[in-house]
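J.: Would you mind keeping the following structure in view while I ask a few things?
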Amino acid sequence: MHRIVAPKIIPIDEHALDQSLIDKDALEVIFQLQNEGHVAYLVGGGVRDLLLGKTPKDFDISTSAKPEEIKRIFGRRCLLIGKRFRLAHLRYDKKILEVSTFRSGDLESSTLIVRDNRFGTPEEDVLRRDFTINALFYDPKTHTILDYVEGVPDIKKGILRTIGDPYVRFKQDPVRMIRLLKFLARFGFDIEQKTMRALCSCKEEILKSAPARILEELFKMLESASAERFFRVMKAHDFLDILFPCFHHFFTSPYAERGFEYLNAIDTLTAKHQNQIDRNVLFCSLIFPILECELEMLSSDRGKPISFTEIMQLSHSLLQGINSSSFAHFPKKLLAITHYILSMQFKLTPLTQRTKLSHRTLMHEDFPKAVDFLHIRSTIHPELDAQYRQIAKELEHDYS
């Protein structure tokens with residue numbers, strides 16, 4: 001059990017964190033808060049990623065300033081959000097920096113957390129976080145890391161460890177188990193023994209989570225360039241079966257590797273281009289291989305090709321079945337756009353000879369997403385590349 005202790009102060013000559021990789025606006029926010037007399041640090045995943053030599057996707061800041069004080073300092077740039085977590089979002093053009101006030105939490109009670117808005121000290125804030133690797137503060141003014149929980153040694157050793165008793169922490173917030181698997185997938189670290197035992201023991205607690213949070217973690221991992229490994233570890237630890245039984249059924253079938261091939265394709269494209277693929281297109285990467293297999297089996301049983309109308313019907317029923325059986329239901333708009341993208345694949349690469357696409361089809365607001373998914377397919381099936389390039393050219397011509 002971690003106790004509140006003075007942090008280990010790690011000076012610049014004892015860590016490999018490169019401050020030049022920190023977002024300049026994030027640094028300015030920290031300095032401005034400090035100049036106003038508040039304690040302020042870069043916190044969490046940003047510090048972890050910098051120590052791993054990675055450029056963070058997000059730069060989160062923790063401070064002693066209360067939300068209303070942050071609002072006063074940053075004025076119109078600041079938007080206060082959240083009920084469970086009262087946070088400040090600072091807008092810099094299209095970028096948002098998240099600033100949170102130090103909080104305290106109960107490490108002893110295994111009661112599910114429904115509110116978490118008690119202000120606290122830096123020490124208390126650290127101890128309410130999930131894993132040691134995510135509980136580091138960095139002070140850019142002194143170039144030092146503040147480590148209360150041996151997070152730096154765990155990063156160096158590649159160990160995933162909860163802060164406090166993992167059985168209690170997973171019952172307080174079951175989504176921490178999904179986050180643990182997320183970090184396992186992203187970094188390939190080893191899970192500390194007690195944390196692993198708690199993960200196996202507490203997995204059914206995940207059904208007490210807010211479905212929206214589970215869905216958000218799923219899409220974050222589809223966007224992470226580690227989607228294939230994430231689904232493999234979710235499957236291995238039975239969380240796919242508990243949360244998304246249709247996906248579990250497919251990923252334990254003889255066709256599983258076809259699905260992992262699509263996940264690997266989106267991982268490769270995400271890592272290569274360093275830009276975010278639309279979530280509807282990412283979701284199609286999960287659904288399309290399942291639909292493809294269903295169509296192949298149906299066609300084989302009948303001994304003749306399936307009509308486009310039947311493809312539409314099968315796509316719709318497949319999406320409805322996946323949605324109704326999943327713990328976290330998918331938004332109606334996502335399902336509608338996914339259905340359109342899936343169906344359009346059989347016009348872009350029809351089972352019989354392709355006909356010329358109409359101007360109306362090309363100008364549909366979601367047609368570019370269908371072309372983006374065809375691009376993903378073409379990375380798996382190179383014979384589709386010429387078709388993809390031709391359609392992309394037609395699209396560009398019609399939009400110009």
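Residue numbering restarts at 1 in every chain; chains get A, B, ... in the order shown in the structure tokens, and ligands count up from 1 in that same order.
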Identify all residues of range 103-255 of chain A in strand (DSSP E) (DSSP on the backbone) and supply them as a PyMOL selection string.
T.: chain A and resi 136-139+144-147+159-160+190-191
J.: Just write the chosen residues, N, CA, C and O atoms, as a JSON list (two decimals), in the first residue's frame.
T.:
```json
[["chain", "number", "residue", "atom", "x", "y", "z"],
["A", 136, "LEU", "N", 3.35, 10.80, -12.37],
["A", 136, "LEU", "CA", 4.55, 11.62, -12.24],
["A", 136, "LEU", "C", 4.24, 13.07, -12.56],
["A", 136, "LEU", "O", 3.46, 13.37, -13.46],
["A", 137, "PHE", "N", 4.85, 13.98, -11.80],
["A", 137, "PHE", "CA", 4.77, 15.41, -12.08],
["A", 137, "PHE", "C", 6.10, 15.87, -12.68],
["A", 137, "PHE", "O", 7.17, 15.40, -12.29],
["A", 138, "TYR", "N", 6.00, 16.82, -13.61],
["A", 138, "TYR", "CA", 7.20, 17.45, -14.14],
["A", 138, "TYR", "C", 7.08, 18.96, -14.00],
["A", 138, "TYR", "O", 6.07, 19.55, -14.41],
["A", 139, "ASP", "N", 8.09, 19.56, -13.39],
["A", 139, "ASP", "CA", 8.13, 21.02, -13.21],
["A", 139, "ASP", "C", 9.11, 21.61, -14.23],
["A", 139, "ASP", "O", 10.32, 21.47, -14.07],
["A", 144, "THR", "N", 12.65, 19.37, -13.11],
["A", 144, "THR", "CA", 12.69, 18.20, -12.22],
["A", 144, "THR", "C", 11.42, 17.37, -12.33],
["A", 144, "THR", "O", 10.34, 17.89, -12.64],
["A", 145, "ILE", "N", 11.57, 16.07, -12.04],
["A", 145, "ILE", "CA", 10.42, 15.16, -11.96],
["A", 145, "ILE", "C", 10.15, 14.89, -10.49],
["A", 145, "ILE", "O", 11.07, 14.66, -9.70],
["A", 146, "LEU", "N", 8.89, 14.92, -10.10],
["A", 146, "LEU", "CA", 8.48, 14.60, -8.73],
["A", 146, "LEU", "C", 7.82, 13.23, -8.76],
["A", 146, "LEU", "O", 6.78, 13.03, -9.40],
["A", 147, "ASP", "N", 8.41, 12.26, -8.06],
["A", 147, "ASP", "CA", 7.95, 10.87, -8.10],
["A", 147, "ASP", "C", 7.61, 10.42, -6.69],
["A", 147, "ASP", "O", 8.49, 10.16, -5.86],
["A", 159, "ILE", "N", 7.15, -2.06, -15.99],
["A", 159, "ILE", "CA", 6.20, -2.72, -15.09],
["A", 159, "ILE", "C", 4.92, -1.88, -14.98],
["A", 159, "ILE", "O", 4.98, -0.67, -14.78],
["A", 160, "LEU", "N", 3.77, -2.55, -15.08],
["A", 160, "LEU", "CA", 2.47, -1.92, -14.84],
["A", 160, "LEU", "C", 2.00, -2.32, -13.45],
["A", 160, "LEU", "O", 1.81, -3.50, -13.17],
["A", 190, "ASP", "N", 5.25, -5.54, -18.53],
["A", 190, "ASP", "CA", 4.76, -6.68, -17.75],
["A", 190, "ASP", "C", 3.83, -6.17, -16.66],
["A", 190, "ASP", "O", 4.07, -5.11, -16.07],
["A", 191, "ILE", "N", 2.77, -6.93, -16.39],
["A", 191, "ILE", "CA", 1.86, -6.57, -15.30],
["A", 191, "ILE", "C", 2.39, -7.17, -14.01],
["A", 191, "ILE", "O", 2.68, -8.37, -13.94]]
```
J.: Pull the closest atom pair for each residue of range 257-339 of chain A that gets at most 6 Å from range 229-249 of chain A, along with the distance in Å to one decimal, counting only C-alpha atoms, ordering rows by chain and then ascending residue number, as a Markdown table.
T.:
```
| residue | atom | partner | partner_atom | distance |
| --- | --- | --- | --- | --- |
| A:Ile322 | CA | A:Cys246 | CA | 5.7 |
| A:Ser326 | CA | A:Phe244 | CA | 4.7 |
| A:Phe327 | CA | A:Leu243 | CA | 5.0 |
```
J.: Go ahead and save the picked residues with N, CA, C and O atoms, as a short mmCIF file (atom, residue, chain, number, x, y, z; two decimals), in the first residue's frame.
T.:
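Saved as result.cif:
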```
data_model
loop_
_atom_site.label_atom_id
_atom_site.label_comp_id
_atom_site.auth_asym_id
_atom_site.auth_seq_id
_atom_site.Cartn_x
_atom_site.Cartn_y
_atom_site.Cartn_z
N ILE A 322 -24.67 -6.78 -33.41
CA ILE A 322 -23.48 -6.39 -32.64
C ILE A 322 -23.85 -5.34 -31.60
O ILE A 322 -23.43 -5.43 -30.44
N SER A 326 -23.81 -5.89 -27.32
CA SER A 326 -22.65 -5.25 -26.68
C SER A 326 -23.05 -4.55 -25.39
O SER A 326 -24.17 -4.05 -25.25
N PHE A 327 -22.11 -4.52 -24.44
CA PHE A 327 -22.34 -3.81 -23.17
C PHE A 327 -22.52 -2.32 -23.43
O PHE A 327 -23.39 -1.68 -22.84
#
```
J.: With only C-alpha atoms counted and 12 Å as the cut-off, give the residues of range 171-219 of chain A in contact with range 331-338 of chain A, each with its shortest interatomic distance in Å and the pair that gives it, as CSV.
T.:
```
residue,atom,partner,partner_atom,distance
A:Pro211,CA,A:Pro331,CA,11.5
A:Ala212,CA,A:Pro331,CA,9.9
A:Leu215,CA,A:Pro331,CA,9.9
A:Glu216,CA,A:Pro331,CA,11.6
A:Phe219,CA,A:Leu334,CA,11.9
```
J.: Using only C-alpha atoms, find each residue of range 233-291 of chain A with at least one atom at most 12 Å away from an atom of range 221-227 of chain A; report its shortest atom-to-atom pair and that distance in Å (one decimal), sort the rows by chain and rising residue number, and return the result as a tab-separated table.
T.:
```
residue	atom	partner	partner_atom	distance
A:Val233	CA	A:Ala227	CA	10.0
A:Met234	CA	A:Ala227	CA	10.3
A:Gly259	CA	A:Ala227	CA	11.1
A:Phe260	CA	A:Ala227	CA	8.8
A:Glu261	CA	A:Ala227	CA	10.6
A:Tyr262	CA	A:Ala227	CA	9.6
A:Leu263	CA	A:Ala227	CA	5.8
A:Asn264	CA	A:Ala227	CA	7.2
A:Ala265	CA	A:Ala225	CA	9.2
A:Ile266	CA	A:Ala225	CA	7.0
A:Asp267	CA	A:Ala225	CA	3.9
A:Thr268	CA	A:Ala225	CA	6.7
A:Leu269	CA	A:Ala225	CA	8.0
A:Thr270	CA	A:Ala225	CA	5.6
A:Ala271	CA	A:Ala225	CA	5.7
A:Lys272	CA	A:Ala225	CA	9.3
A:His273	CA	A:Ala225	CA	10.6
A:Gln274	CA	A:Ala225	CA	9.3
A:Asn275	CA	A:Glu223	CA	9.1
A:Gln276	CA	A:Glu223	CA	6.5
A:Ile277	CA	A:Glu223	CA	7.0
A:Asp278	CA	A:Glu223	CA	8.8
A:Arg279	CA	A:Glu223	CA	8.0
A:Asn280	CA	A:Leu222	CA	10.8
A:Val281	CA	A:Leu222	CA	10.2
A:Leu282	CA	A:Leu222	CA	6.5
A:Phe283	CA	A:Leu222	CA	8.1
A:Cys284	CA	A:Leu222	CA	10.9
A:Ser285	CA	A:Leu222	CA	9.3
A:Leu286	CA	A:Leu222	CA	9.4
```
J.: Rounded to one decimal in Å, what is the spacing between CA of Ser209 in chain A and CA of Pro174 in chain A?
T.: 6.0 Å
J.: Counting only C-alpha atoms, which residue out of A:Ala392, A:Val126, A:Phe251, A:Ala328 sits closest to Ala370 in chain A?
T.: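 Closest candidate: A:Ala392.
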J.: Using DSSP secondary structure from the backbone, list all alpha helix (DSSP H) positions within range 148-279 of chain A, as an MDAnalysis selection string.
T.: chainID A and resid 151:157 166:172 175:187 193:202 211:222 227:236 239:243 245:251 256:273 279
J.: In Å, with one decimal, what is the gap from CA of Thr349 in chain A to CA of Pro254 in chain A?
T.: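 Interatomic distance, CA of Thr349 in chain A to CA of Pro254 in chain A: 24.9 Å.
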J.: So what do you get for CA of Ile9 in chain A versus CA of Pro153 in chain A, distance-wise?
T.: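 If I compute the distance from CA of Ile9 in chain A to CA of Pro153 in chain A, I get 13.0 Å.
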